[in-house]
>>> print(open('query.cif').read())   # mmCIF, C-alpha atoms
data_work
#
loop_
_atom_site.label_atom_id
_atom_site.label_comp_id
_atom_site.auth_asym_id
_atom_site.auth_seq_id
_atom_site.Cartn_x
_atom_site.Cartn_y
_atom_site.Cartn_z
CA MET T 1 0.00 0.00 0.00
CA SER T 2 2.87 2.37 0.75
CA TRP T 3 4.26 1.88 -2.76
CA GLY T 4 0.79 2.55 -4.22
CA ARG T 5 0.44 5.78 -2.25
CA ALA T 6 3.87 6.97 -3.29
CA HIS T 7 3.17 6.34 -6.99
CA ARG T 8 -0.48 7.40 -7.17
CA ASP T 9 -1.34 10.46 -9.24
CA VAL T 10 -3.47 12.74 -7.05
CA THR T 11 -3.62 15.74 -9.35
CA GLY T 12 -7.01 17.01 -10.46
CA ILE T 13 -8.99 15.65 -7.51
CA HIS T 14 -11.98 17.89 -6.77
CA SER T 15 -14.06 15.82 -4.36
CA ILE T 16 -13.24 13.28 -1.69
CA GLY T 17 -15.30 11.05 0.55
CA VAL T 18 -14.26 10.03 4.06
CA ASP T 19 -15.69 6.92 5.71
CA GLU T 20 -14.68 4.03 7.92
CA ILE T 21 -15.10 0.30 7.77
CA GLN T 22 -14.99 -2.25 10.56
CA TRP T 23 -12.31 -4.79 9.80
CA GLN T 24 -12.14 -7.04 12.87
CA ARG T 25 -14.46 -8.04 15.66
CA GLY T 26 -15.09 -5.38 18.21
CA HIS T 27 -14.52 -1.77 17.37
CA GLN T 28 -11.55 -2.07 15.01
CA TYR T 29 -11.87 0.36 12.11
CA LEU T 30 -10.00 1.49 9.05
CA THR T 31 -10.35 5.05 7.78
CA LEU T 32 -11.03 5.16 4.04
CA VAL T 33 -10.74 8.18 1.77
CA TYR T 34 -12.17 8.02 -1.74
CA HIS T 35 -11.82 10.12 -4.86
CA ILE T 36 -15.48 10.76 -5.73
CA ASP T 37 -15.44 13.04 -8.76
CA ALA T 38 -18.05 12.25 -11.40
CA SER T 39 -15.29 11.27 -13.85
CA CYS T 40 -13.40 9.02 -11.42
CA LYS T 41 -14.34 7.02 -8.34
CA ARG T 42 -11.50 5.21 -6.57
CA ARG T 43 -10.03 4.54 -3.16
CA LEU T 44 -7.24 7.01 -2.46
CA TRP T 45 -6.07 6.18 1.00
CA VAL T 46 -6.52 3.68 3.84
CA GLY T 47 -5.43 4.34 7.41
CA GLU T 48 -5.44 2.14 10.47
CA LYS T 49 -7.99 3.05 13.13
CA ARG T 50 -10.64 5.75 13.11
CA THR T 51 -8.93 8.54 14.97
CA VAL T 52 -8.20 12.21 14.54
CA ARG T 53 -4.53 11.35 14.00
CA THR T 54 -5.40 8.92 11.21
CA LEU T 55 -7.39 11.52 9.29
CA LEU T 56 -4.71 14.13 9.91
CA ARG T 57 -2.20 11.68 8.37
CA PHE T 58 -4.33 11.56 5.24
CA PHE T 59 -4.35 15.35 4.92
CA ARG T 60 -0.57 15.44 5.47
CA TRP T 61 -0.11 12.84 2.71
CA PHE T 62 -2.55 14.64 0.41
CA GLY T 63 -0.81 17.96 0.91
CA ARG T 64 -1.86 21.39 2.12
CA GLU T 65 -2.31 22.93 -1.35
CA ARG T 66 -4.50 20.09 -2.63
CA SER T 67 -6.51 20.04 0.60
CA GLN T 68 -7.18 23.76 0.39
CA ALA T 69 -8.17 23.44 -3.28
CA LEU T 70 -10.88 20.84 -2.58
CA PRO T 71 -14.30 22.33 -3.35
CA CYS T 72 -16.29 19.40 -1.89
CA ILE T 73 -15.92 16.74 0.81
CA CYS T 74 -18.44 14.09 1.80
CA SER T 75 -18.26 12.36 5.19
CA ASP T 76 -20.30 10.78 7.92
CA MET T 77 -21.30 12.67 11.06
CA TRP T 78 -18.47 11.53 13.33
CA ARG T 79 -17.55 14.62 15.33
CA SER T 80 -13.80 14.11 15.17
CA SER T 81 -13.73 13.86 11.39
CA LEU T 82 -15.98 16.92 11.14
CA LYS T 83 -13.44 18.87 13.21
CA VAL T 84 -10.45 17.67 11.18
CA ILE T 85 -12.16 18.46 7.88
CA ALA T 86 -13.15 21.92 9.15
CA LYS T 87 -9.54 22.55 10.15
CA LYS T 88 -7.82 21.17 7.04
CA ALA T 89 -10.38 22.02 4.34
CA GLY T 90 -12.83 24.36 6.04
CA HIS T 91 -13.57 26.28 2.85
CA ALA T 92 -14.86 23.13 1.07
CA LEU T 93 -18.56 22.37 0.82
CA HIS T 94 -19.04 19.63 3.39
CA VAL T 95 -21.78 17.16 2.44
CA LEU T 96 -22.96 14.71 5.09
CA ASP T 97 -23.66 11.27 3.73
CA ARG T 98 -27.19 10.05 3.08
CA PHE T 99 -26.95 6.93 5.23
CA HIS T 100 -26.27 8.82 8.46
CA ILE T 101 -28.81 11.56 7.85
CA MET T 102 -31.52 9.01 7.07
CA ALA T 103 -30.51 6.96 10.12
CA HIS T 104 -31.09 10.02 12.32
CA LEU T 105 -34.45 10.70 10.65
CA ASN T 106 -35.51 7.07 11.11
CA LYS T 107 -34.53 7.14 14.77
CA ALA T 108 -36.59 10.31 15.34
CA ILE T 109 -39.58 8.82 13.51
CA ASN T 110 -39.41 5.66 15.59
CA GLU T 111 -39.22 7.62 18.85
CA GLY T 112 -42.20 9.74 17.76
CA ARG T 113 -44.16 6.62 16.77
CA ALA T 114 -43.53 4.98 20.14
CA GLN T 115 -44.49 8.16 21.98
CA GLU T 116 -47.70 8.52 19.95
CA ALA T 117 -48.56 4.84 20.50
CA ARG T 118 -48.22 5.29 24.29
CA ALA T 119 -50.34 8.47 24.19
CA LEU T 120 -53.10 6.77 22.19
CA LYS T 121 -53.06 3.79 24.56
CA ALA T 122 -53.28 6.12 27.58
CA LYS T 123 -56.35 7.81 26.05
CA GLY T 124 -58.01 4.41 25.59
CA TYR T 125 -57.72 4.17 21.81
CA GLU T 126 -57.05 0.98 19.94
CA PRO T 127 -53.27 0.28 19.81
CA VAL T 128 -52.88 0.86 16.06
CA LEU T 129 -49.21 1.82 16.17
CA THR T 130 -47.88 -1.08 18.20
CA LYS T 131 -45.57 -3.46 16.32
CA THR T 132 -45.35 -1.07 13.38
CA ARG T 133 -41.77 0.11 13.61
CA TRP T 134 -40.53 -1.52 10.40
CA LEU T 135 -43.60 -0.56 8.45
CA LEU T 136 -42.80 3.13 8.95
CA LEU T 137 -39.07 2.70 8.40
CA LYS T 138 -39.42 0.88 5.08
CA ARG T 139 -39.20 2.76 1.81
CA PRO T 140 -42.65 2.95 0.12
CA GLU T 141 -41.47 0.97 -2.91
CA ASN T 142 -40.51 -1.90 -0.59
CA LEU T 143 -43.91 -2.18 1.11
CA SER T 144 -46.11 -5.18 0.40
CA ALA T 145 -49.67 -4.53 -0.81
CA LYS T 146 -51.02 -5.31 2.67
CA GLN T 147 -48.56 -2.92 4.31
CA ALA T 148 -49.40 -0.14 1.83
CA VAL T 149 -53.11 -0.49 2.65
CA ARG T 150 -52.35 -0.37 6.38
CA LEU T 151 -50.25 2.78 5.93
CA ALA T 152 -53.04 4.40 3.87
CA GLU T 153 -55.53 3.67 6.69
CA TRP T 154 -53.26 5.41 9.19
CA LEU T 155 -52.97 8.36 6.85
CA ARG T 156 -56.75 8.79 6.98
CA ASP T 157 -56.52 8.86 10.78
CA ASN T 158 -53.99 11.74 10.43
CA LEU T 159 -51.48 10.16 12.80
CA ARG T 160 -48.35 12.19 13.54
CA ALA T 161 -46.11 9.16 13.01
CA VAL T 162 -47.38 8.73 9.47
CA ARG T 163 -47.08 12.45 8.70
CA SER T 164 -43.45 12.39 9.91
CA ASP T 165 -42.83 9.34 7.71
CA LEU T 166 -44.19 11.26 4.71
CA LEU T 167 -41.85 14.15 5.50
CA LYS T 168 -38.96 11.67 5.60
CA GLU T 169 -39.93 10.49 2.13
CA ASP T 170 -39.89 14.10 0.93
CA VAL T 171 -36.29 14.32 2.14
CA GLN T 172 -35.51 11.34 -0.14
CA PHE T 173 -36.20 13.57 -3.15
CA PHE T 174 -33.33 15.78 -1.99
CA TRP T 175 -30.88 12.98 -2.82
CA ALA T 176 -32.24 12.59 -6.35
#
>>> encode(input="query.cif", output="structure tokens")
Amino acid sequence: MSWGRAHRDVTGIHSIGVDEIQWQRGHQYLTLVYHIDASCKRRLWVGEKRTVRTLLRFFRWFGRERSQALPCICSDMWRSSLKVIAKKAGHALHVLDRFHIMAHLNKAINEGRAQEARALKAKGYEPVLTKTRWLLLKRPENLSAKQAVRLAEWLRDNLRAVRSDLLKEDVQFFWA
């Protein structure tokens, strides 16, 4: 890998992506940096562990001039990488990746669904939202016909959980 890094042409890179991958049991990670321009998608760099030092090593290898010339960086929402990217390429447009944003939205929807289910139960209503977590977290195109009908019935009841799910689906259009 060292030979590959030393002989890799890194000129003309406009966008990079930063992510991590678990490579052993437990919390053992590798930091990955990708070249994600429309014309070229490739892995640029791999570093052991997911630490501030690891990401700083990437920026040292990549070089100050190239780092400051980057117009766009995509990463997850790990606080340490956000800080390093802000320090080393703070002028770049920083795009947070879809997976993590949608994971946060799904978590909020599930918490709201559970809260609404408890409130309806406390008021003596039929427990319509119990055991429905995955129904609301699924993408509409992945719903079975039976699940789609069930979701449509909840929509008629104007449940908050379903309205929040519809808002989440509107966010999906942002990615397109």
>>> residues_near_point(input="query.cif", point="(-16.7, 18.9, 1.4)", cutoff="6 Å", atoms="all atoms listed in the file", output="list in words")
Cys72, Ile73, Cys74, Ala92, Leu93, His94 and Val95 of chain T
>>> write_last_selection(input="query.cif", atoms="C-alpha atoms", output="PDB file, in the coordinates of the input")
ATOM      1  CA  CYS T  72     -16.290  19.400  -1.890  1.00  0.00           C
ATOM      2  CA  ILE T  73     -15.920  16.740   0.810  1.00  0.00           C
ATOM      3  CA  CYS T  74     -18.440  14.090   1.800  1.00  0.00           C
ATOM      4  CA  ALA T  92     -14.860  23.130   1.070  1.00  0.00           C
ATOM      5  CA  LEU T  93     -18.560  22.370   0.820  1.00  0.00           C
ATOM      6  CA  HIS T  94     -19.040  19.630   3.390  1.00  0.00           C
ATOM      7  CA  VAL T  95     -21.780  17.160   2.440  1.00  0.00           C
TER       8      VAL T  95
END
>>> resolve_selection(input="query.cif", expression="the PyMOL selection byres ((chain T and resi 108) around 12)", output="ChimeraX atom specification")
/T:101-107,109-115,133,136-137,161,164-165,167-168
>>> closest_residue(input="query.cif", among="T:Leu82, T:Gln28, T:Arg64, T:His35", to="T:Val52", atoms="only C-alpha atoms")
T:Leu82
>>> resolve_selection(input="query.cif", expression="the PyMOL selection byres ((chain T and resi 19) around 10)", output="ChimeraX atom specification")
/T:17-18,20-21,29-34,46,50,74-78,81,97
>>> atom_distance(input="query.cif", atom1="atom CA of T:Arg160", atom2="atom CA of T:Gln172")
18.8 Å
>>> closest_residue(input="query.cif", among="T:Arg118, T:Lys83, T:Ser15, T:Leu151", to="T:Lys138", atoms="only C-alpha atoms")
T:Leu151
>>> closest_residue(input="query.cif", among="T:Asp37, T:Ile13, T:Ser144, T:Ala176", to="T:Arg66", atoms="all atoms listed in the file")
T:Ile13
>>> closest_residue(input="query.cif", among="T:Ala148, T:Ala38, T:Val84, T:Leu155", to="T:Leu56", atoms="all atoms listed in the file")
T:Val84
>>> residues_around(input="query.cif", residues="T:Ala89", least_positions_apart="3", cutoff="6 Å", atoms="all atoms listed in the file", output="ChimeraX atom specification")
/T:67-68,85-86,92
>>> build_atoms(input="query.cif", residues="stretch 114-144 of chain T", atoms="N, CA and C atoms", output="short mmCIF file (atom, residue, chain, number, x, y, z; two decimals), in the frame of the given file")
data_model
loop_
_atom_site.label_atom_id
_atom_site.label_comp_id
_atom_site.auth_asym_id
_atom_site.auth_seq_id
_atom_site.Cartn_x
_atom_site.Cartn_y
_atom_site.Cartn_z
N ALA T 114 -43.37 5.63 18.84
CA ALA T 114 -43.53 4.98 20.14
C ALA T 114 -44.22 5.91 21.12
N GLN T 115 -43.87 7.17 21.10
CA GLN T 115 -44.49 8.16 21.98
C GLN T 115 -45.98 8.32 21.65
N GLU T 116 -46.30 8.38 20.35
CA GLU T 116 -47.70 8.52 19.95
C GLU T 116 -48.49 7.27 20.30
N ALA T 117 -47.89 6.09 20.16
CA ALA T 117 -48.56 4.84 20.50
C ALA T 117 -48.89 4.81 21.99
N ARG T 118 -47.96 5.25 22.84
CA ARG T 118 -48.22 5.29 24.29
C ARG T 118 -49.34 6.29 24.62
N ALA T 119 -49.31 7.45 23.94
CA ALA T 119 -50.34 8.47 24.19
C ALA T 119 -51.71 7.97 23.79
N LEU T 120 -51.81 7.30 22.64
CA LEU T 120 -53.10 6.77 22.19
C LEU T 120 -53.60 5.69 23.15
N LYS T 121 -52.69 4.86 23.61
CA LYS T 121 -53.06 3.79 24.56
C LYS T 121 -53.55 4.40 25.87
N ALA T 122 -52.89 5.46 26.33
CA ALA T 122 -53.28 6.12 27.58
C ALA T 122 -54.67 6.75 27.46
N LYS T 123 -55.03 7.20 26.26
CA LYS T 123 -56.35 7.81 26.05
C LYS T 123 -57.43 6.76 25.80
N GLY T 124 -57.04 5.48 25.75
CA GLY T 124 -58.01 4.41 25.59
C GLY T 124 -58.30 4.03 24.15
N TYR T 125 -57.51 4.52 23.21
CA TYR T 125 -57.72 4.17 21.81
C TYR T 125 -57.12 2.81 21.50
N GLU T 126 -57.57 2.24 20.41
CA GLU T 126 -57.05 0.98 19.94
C GLU T 126 -55.55 1.12 19.63
N PRO T 127 -54.72 0.15 20.01
CA PRO T 127 -53.27 0.28 19.81
C PRO T 127 -52.86 0.06 18.35
N VAL T 128 -53.14 1.03 17.50
CA VAL T 128 -52.88 0.86 16.06
C VAL T 128 -51.41 0.97 15.70
N LEU T 129 -50.62 1.62 16.51
CA LEU T 129 -49.21 1.82 16.17
C LEU T 129 -48.26 0.82 16.82
N THR T 130 -48.78 -0.11 17.59
CA THR T 130 -47.88 -1.08 18.20
C THR T 130 -47.42 -2.08 17.13
N LYS T 131 -46.19 -2.51 17.25
CA LYS T 131 -45.57 -3.46 16.32
C LYS T 131 -45.59 -2.94 14.88
N THR T 132 -45.32 -1.66 14.71
CA THR T 132 -45.35 -1.07 13.38
C THR T 132 -44.03 -0.39 13.02
N ARG T 133 -43.03 -0.60 13.82
CA ARG T 133 -41.77 0.11 13.61
C ARG T 133 -41.25 -0.04 12.19
N TRP T 134 -41.14 -1.28 11.72
CA TRP T 134 -40.53 -1.52 10.40
C TRP T 134 -41.41 -1.07 9.26
N LEU T 135 -42.70 -1.04 9.49
CA LEU T 135 -43.60 -0.56 8.45
C LEU T 135 -43.33 0.91 8.14
N LEU T 136 -43.08 1.71 9.17
CA LEU T 136 -42.80 3.13 8.95
C LEU T 136 -41.37 3.38 8.47
N LEU T 137 -40.46 2.49 8.78
CA LEU T 137 -39.07 2.70 8.40
C LEU T 137 -38.75 2.20 6.99
N LYS T 138 -39.63 1.39 6.43
CA LYS T 138 -39.42 0.88 5.08
C LYS T 138 -39.65 1.96 4.05
N ARG T 139 -38.94 1.87 2.94
CA ARG T 139 -39.20 2.76 1.81
C ARG T 139 -40.52 2.35 1.17
N PRO T 140 -41.33 3.29 0.68
CA PRO T 140 -42.65 2.95 0.12
C PRO T 140 -42.59 1.90 -0.99
N GLU T 141 -41.56 1.95 -1.82
CA GLU T 141 -41.47 0.97 -2.91
C GLU T 141 -41.19 -0.44 -2.41
N ASN T 142 -40.79 -0.58 -1.15
CA ASN T 142 -40.51 -1.90 -0.59
C ASN T 142 -41.67 -2.46 0.23
N LEU T 143 -42.76 -1.71 0.35
CA LEU T 143 -43.91 -2.18 1.11
C LEU T 143 -44.69 -3.22 0.32
N SER T 144 -45.21 -4.22 1.04
CA SER T 144 -46.11 -5.18 0.40
C SER T 144 -47.46 -4.50 0.21
#
